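**Student:** Contents of query.csv (CSV, C-alpha atoms) are given next:
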chain,number,residue,atom,x,y,z
R,114,MET,CA,-51.7,-24.0,-52.7
R,115,SER,CA,-53.4,-24.0,-49.4
R,116,ARG,CA,-57.2,-24.4,-49.4
R,117,LYS,CA,-57.3,-21.4,-47.1
R,118,TYR,CA,-56.4,-19.0,-49.9
R,119,LYS,CA,-59.0,-19.7,-52.5
R,120,ILE,CA,-61.9,-17.6,-53.9
R,121,ARG,CA,-64.9,-19.6,-52.8
R,122,ASP,CA,-67.9,-17.1,-52.9
R,123,GLN,CA,-67.8,-15.1,-56.2
R,124,ASP,CA,-70.3,-12.6,-54.7
R,125,LYS,CA,-68.0,-11.4,-51.9
R,126,PHE,CA,-65.2,-8.9,-51.8
R,127,TYR,CA,-61.7,-10.2,-51.3
R,128,PHE,CA,-58.5,-8.6,-50.0
R,129,VAL,CA,-55.6,-9.6,-52.3
R,130,THR,CA,-52.0,-8.6,-52.6
R,131,PHE,CA,-50.1,-8.6,-55.9
R,132,THR,CA,-46.3,-8.7,-55.3
R,133,ILE,CA,-43.4,-8.2,-57.7
R,134,VAL,CA,-41.0,-11.2,-57.7
R,135,GLU,CA,-38.2,-10.7,-55.3
R,136,TRP,CA,-40.1,-7.7,-53.9
R,137,ILE,CA,-38.4,-5.6,-56.7
R,138,ASP,CA,-39.4,-1.9,-56.5
R,139,LEU,CA,-41.0,-1.7,-59.9
R,140,PHE,CA,-43.5,0.9,-59.0
R,141,THR,CA,-41.0,3.7,-58.3
R,142,ARG,CA,-41.7,4.9,-61.8
R,143,GLN,CA,-45.0,6.6,-62.7
R,144,GLU,CA,-45.2,4.8,-66.1
R,145,TYR,CA,-45.6,1.4,-64.4
R,146,ARG,CA,-48.1,2.7,-61.9
R,147,ASP,CA,-50.1,4.2,-64.8
R,148,ILE,CA,-50.1,0.9,-66.7
R,149,PHE,CA,-51.6,-0.8,-63.6
R,150,ILE,CA,-54.2,2.0,-63.0
R,151,ASP,CA,-55.2,1.9,-66.7
R,152,SER,CA,-55.5,-1.8,-66.6
R,153,LEU,CA,-57.7,-1.7,-63.5
R,154,LYS,CA,-60.0,0.9,-65.2
R,155,TYR,CA,-60.2,-1.4,-68.3
R,156,CYS,CA,-61.2,-4.4,-66.1
R,157,GLN,CA,-63.8,-2.2,-64.4
R,158,GLU,CA,-65.3,-1.2,-67.7
R,159,ASN,CA,-65.0,-4.4,-69.6
R,160,LYS,CA,-64.7,-7.3,-67.3
R,161,GLY,CA,-67.0,-6.4,-64.4
R,162,LEU,CA,-64.3,-5.8,-61.8
R,163,ASP,CA,-65.4,-4.1,-58.7
R,164,ILE,CA,-62.7,-2.3,-56.7
R,165,ALA,CA,-63.4,-1.2,-53.1
R,166,GLY,CA,-59.9,-0.4,-52.1
R,167,PHE,CA,-56.4,-0.2,-53.4
R,168,CYS,CA,-52.9,1.0,-52.6
R,169,ILE,CA,-49.9,0.8,-54.9
R,170,MET,CA,-46.6,0.6,-53.0
R,171,SER,CA,-43.2,0.3,-54.6
R,172,SER,CA,-43.1,-3.5,-54.8
R,173,HIS,CA,-46.6,-4.6,-54.2
R,174,ILE,CA,-50.3,-3.7,-54.5
R,175,HIS,CA,-53.1,-4.2,-52.1
R,176,LEU,CA,-56.6,-4.4,-53.4
R,177,ILE,CA,-60.1,-5.2,-52.3
R,178,LEU,CA,-61.8,-6.7,-55.3
R,179,GLY,CA,-65.1,-8.2,-56.3
R,180,ARG,CA,-67.0,-8.8,-59.5
R,181,ASN,CA,-70.4,-7.8,-61.0
R,182,ARG,CA,-70.6,-10.1,-64.1
R,183,ASP,CA,-70.3,-13.7,-64.9
R,184,GLN,CA,-66.5,-14.0,-65.3
R,185,LYS,CA,-64.9,-15.5,-62.1
R,186,LEU,CA,-62.9,-13.1,-60.0
R,187,GLU,CA,-59.8,-15.4,-60.2
R,188,GLU,CA,-60.0,-15.2,-64.0
R,189,ILE,CA,-60.2,-11.4,-64.0
R,190,ILE,CA,-57.1,-11.4,-61.6
R,191,ARG,CA,-55.3,-13.8,-63.9
R,192,ASP,CA,-56.0,-11.7,-67.0
R,193,LEU,CA,-55.0,-8.5,-65.2
R,194,LYS,CA,-51.7,-9.9,-64.0
R,195,LYS,CA,-50.9,-11.4,-67.4
R,196,PHE,CA,-51.8,-8.3,-69.4
R,197,THR,CA,-49.9,-6.0,-67.0
R,198,SER,CA,-46.8,-8.3,-67.2
R,199,ILE,CA,-46.7,-7.9,-70.9
R,200,LYS,CA,-47.1,-4.1,-70.7
R,201,PHE,CA,-44.5,-3.8,-68.0
R,202,LEU,CA,-42.0,-5.8,-70.1
R,203,LYS,CA,-42.6,-3.7,-73.2
R,204,ALA,CA,-42.3,-0.5,-71.1
R,205,ILE,CA,-39.0,-1.7,-69.5
R,206,GLU,CA,-37.6,-2.5,-72.9
R,207,THR,CA,-38.6,0.8,-74.6
R,208,LEU,CA,-38.5,3.4,-71.8
R,209,ALA,CA,-35.4,5.5,-72.4
R,210,GLU,CA,-35.4,6.7,-68.7
R,211,GLU,CA,-35.2,3.1,-67.4
R,212,SER,CA,-31.7,3.0,-66.0
R,213,ARG,CA,-32.4,-0.5,-64.5
R,214,LYS,CA,-33.5,-2.1,-67.8
R,215,ASN,CA,-30.9,-4.9,-67.9
R,216,TRP,CA,-31.1,-5.5,-64.2
R,217,LEU,CA,-34.9,-5.8,-64.2
R,218,LEU,CA,-35.0,-8.0,-67.3
R,219,TYR,CA,-32.4,-10.3,-65.8
R,220,HIS,CA,-34.3,-10.8,-62.5
R,221,PHE,CA,-37.6,-11.3,-64.3
R,222,ARG,CA,-36.0,-13.7,-66.7
R,223,MET,CA,-34.4,-15.7,-63.8
R,224,ALA,CA,-37.8,-15.8,-62.0
R,225,GLY,CA,-39.4,-17.1,-65.2
R,226,LYS,CA,-36.9,-19.8,-65.7
R,227,THR,CA,-37.6,-21.3,-62.3
R,228,ASN,CA,-41.4,-21.3,-62.8
R,229,PRO,CA,-42.8,-23.9,-65.3
R,230,ASN,CA,-46.0,-21.8,-65.6
R,231,ASN,CA,-44.1,-19.1,-67.5
R,232,LEU,CA,-42.4,-19.1,-70.9
R,233,ASN,CA,-39.7,-16.5,-70.4
R,234,TYR,CA,-40.3,-13.9,-67.8
R,235,GLN,CA,-42.2,-13.6,-64.5
R,236,ILE,CA,-43.0,-10.3,-63.0
R,237,TRP,CA,-45.7,-11.1,-60.4
R,238,GLN,CA,-45.4,-13.6,-57.7
R,239,GLN,CA,-47.9,-16.5,-58.3
R,240,HIS,CA,-50.0,-16.2,-55.2
R,241,ASN,CA,-52.5,-13.5,-54.2
R,242,HIS,CA,-53.7,-14.9,-50.9
R,243,PRO,CA,-57.3,-13.9,-51.3
R,244,ILE,CA,-59.0,-13.3,-48.0
R,245,GLU,CA,-62.8,-13.2,-48.1
R,246,LEU,CA,-64.2,-10.1,-46.5
R,247,ASN,CA,-67.2,-11.6,-44.8
R,248,THR,CA,-67.5,-9.4,-41.7
R,249,GLN,CA,-67.6,-5.7,-41.1
R,250,ASP,CA,-64.6,-6.0,-38.8
R,251,ARG,CA,-62.6,-7.7,-41.5
R,252,ILE,CA,-63.5,-5.1,-44.1
R,253,ARG,CA,-62.6,-2.3,-41.6
R,254,ARG,CA,-59.2,-3.9,-40.7
R,255,CYS,CA,-58.3,-4.5,-44.4
R,256,LEU,CA,-59.2,-1.0,-45.5
R,257,ASN,CA,-57.3,0.4,-42.6
R,258,TYR,CA,-54.3,-1.8,-43.4
R,259,ILE,CA,-54.3,-0.8,-47.1
R,260,HIS,CA,-54.7,2.9,-46.4
R,261,GLN,CA,-52.1,3.0,-43.6
R,262,ASN,CA,-49.4,1.3,-45.8
R,263,PRO,CA,-47.9,4.6,-47.1
R,264,VAL,CA,-48.1,6.1,-43.7
R,265,VAL,CA,-46.2,3.2,-42.0
R,266,ALA,CA,-43.7,3.3,-44.9
R,267,GLY,CA,-43.0,7.0,-44.1
R,268,LEU,CA,-44.2,8.3,-47.5
R,269,VAL,CA,-47.0,10.5,-46.1
R,270,LEU,CA,-48.3,11.7,-42.8
R,271,SER,CA,-52.0,10.8,-43.4
R,272,PRO,CA,-53.5,8.2,-45.8
R,273,GLU,CA,-55.5,10.6,-48.0
R,274,GLU,CA,-52.2,12.4,-48.9
R,275,TYR,CA,-51.1,9.4,-50.9
R,276,LEU,CA,-52.1,9.7,-54.5
R,277,TYR,CA,-51.9,5.9,-55.3
R,278,SER,CA,-54.5,4.8,-52.8
R,279,SER,CA,-58.3,4.7,-52.4
R,280,ALA,CA,-57.9,6.7,-49.1
R,281,LYS,CA,-58.7,9.8,-51.1
R,282,ASN,CA,-62.0,8.2,-52.3
R,283,TYR,CA,-63.0,7.3,-48.7
R,284,ALA,CA,-62.0,10.8,-47.5
R,285,GLY,CA,-64.3,12.4,-50.1
R,286,HIS,CA,-61.5,14.1,-52.0
R,287,PRO,CA,-62.3,15.1,-55.6
R,288,ASP,CA,-58.7,14.3,-56.8
R,289,ARG,CA,-58.6,10.5,-57.2
R,290,LEU,CA,-57.1,8.2,-59.7
R,291,ILE,CA,-59.9,5.6,-60.0
R,292,ASP,CA,-63.5,5.2,-58.9
R,293,VAL,CA,-64.1,2.7,-56.2
R,294,ILE,CA,-67.1,1.2,-54.5
R,295,LEU,CA,-67.2,2.7,-51.0
R,296,ILE,CA,-68.0,-0.2,-48.6
R,297,ASP,CA,-69.1,0.4,-45.1
R,298,SER,CA,-66.3,-0.1,-42.6
Can the structure in the file be given as structure tokens, please?

**Tutor:**
Amino acid sequence: MSRKYKIRDQDKFYFVTFTIVEWIDLFTRQEYRDIFIDSLKYCQENKGLDIAGFCIMSSHIHLILGRNRDQKLEEIIRDLKKFTSIKFLKAIETLAEESRKNWLLYHFRMAGKTNPNNLNYQIWQQHNHPIELNTQDRIRRCLNYIHQNPVVAGLVLSPEEYLYSSAKNYAGHPDRLIDVILIDS
């Protein structure tokens, strides 16, 4: 892994991207988005995760993350990805509405076989490419990028219309999925 993509200062916020292997559109179902949102909330309450921005797209998730306790940010990210992988697999196997069950399990199994870090399945790509947000300009550009993702994808006309994003938080809307730390941009 490149030295460029490491979490060096535990007291900074980082822009990270979690991507499903093969860019599979896992988050087209609400059940999987809810698993991820619930897991973020758990990490906020129990692991000291600070979230300053997020956007859940169909195959990837953009986040601005920090931490407020002793556990290292990369450890929180590792635990979050591991836990959600287990929950996603269980949901895929048991969800009656999941018409892609065999297809999803096959692709996640194939990805797991090619990665010695996994036992059976791999859902998330290994890398997160953390980018330290050490300037106001970088914070502004990352927040804008995150919030414009659904607009650019043609899902909504304005960022705050998208439910699975922190754009609602920054626009001051009362309807939001998760609390975030509003950072100056």

**Student:** Between R:Leu232, R:Arg142, R:Glu158, R:Arg191, which has the minimum distance to Ser212 of chain R (counting all atoms listed in the file)?

**Tutor:**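 Residue with the minimum atom-to-atom distance to Ser212 of chain R: R:Arg142.
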
**Student:** Might you pull out every residue within 10 Å of Glu206 of chain R, with all atoms listed in the file counted and same-chain residues fewer than 6 positions away left off, and present them as a ChimeraX atom specification?

**Tutor:** /R:200,214-215,217-218

**Student:** So what do you get for atom CA of His260 of chain R versus atom CA of Glu144 of chain R, distance-wise?

**Tutor:**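 So the two atoms, atom CA of His260 of chain R and atom CA of Glu144 of chain R, lie 22.0 Å apart.
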
**Student:** Smallest atom-to-atom distance to Pro272 of chain R: which of R:Phe167, R:Tyr155, R:Tyr118, R:Phe126, using only C-alpha atoms?

**Tutor:** R:Phe167

**Student:** Quick one: everything within 8 Å of segment 255-258 of chain R, counting only C-alpha atoms, minus sequence neighbours fewer than 4 positions away in the same chain. Send it as a PyMOL selection string.

**Tutor:** chain R and resi 128+166+251+262+298

**Student:** Those same residues - C-alpha atoms - I'd like them written as an mmCIF file, in the frame of the given file.

**Tutor:**
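File produced: out-v7.cif:
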data_model
loop_
_atom_site.group_PDB
_atom_site.id
_atom_site.type_symbol
_atom_site.label_atom_id
_atom_site.label_comp_id
_atom_site.auth_asym_id
_atom_site.auth_seq_id
_atom_site.Cartn_x
_atom_site.Cartn_y
_atom_site.Cartn_z
ATOM 1 C CA PHE R 128 -58.500 -8.600 -50.000
ATOM 2 C CA GLY R 166 -59.900 -0.400 -52.100
ATOM 3 C CA ARG R 251 -62.600 -7.700 -41.500
ATOM 4 C CA ASN R 262 -49.400 1.300 -45.800
ATOM 5 C CA SER R 298 -66.300 -0.100 -42.600
#

**Student:** With segment 235-246 of chain R as the partner and 10 Å as the cut-off, tabulate the residues of segment 149-190 of chain R that qualify, each row holding the nearest pair of atoms and their distance in Å to one decimal, using all atoms listed in the file, sorted by chain and rising number, as a Markdown table.

**Tutor:**
| residue | atom | partner | partner_atom | distance |
| --- | --- | --- | --- | --- |
| R:Ser172 | CA | R:Trp237 | CA | 9.8 |
| R:His173 | CA | R:Trp237 | CA | 9.0 |
| R:His175 | CA | R:Asn241 | CA | 9.6 |
| R:Leu176 | CA | R:Pro243 | CA | 9.8 |
| R:Ile177 | CA | R:Leu246 | CA | 8.6 |
| R:Leu178 | CA | R:Pro243 | CA | 9.4 |
| R:Gly179 | CA | R:Glu245 | CA | 9.9 |
| R:Glu187 | CA | R:Pro243 | CA | 9.4 |
| R:Ile190 | CA | R:Asn241 | CA | 9.0 |

**Student:** Would you compute the distance between atom CA of Phe201 of chain R and atom CA of Gln143 of chain R? Give it in Å to one decimal.

**Tutor:**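 So the answer is 11.7 Å.
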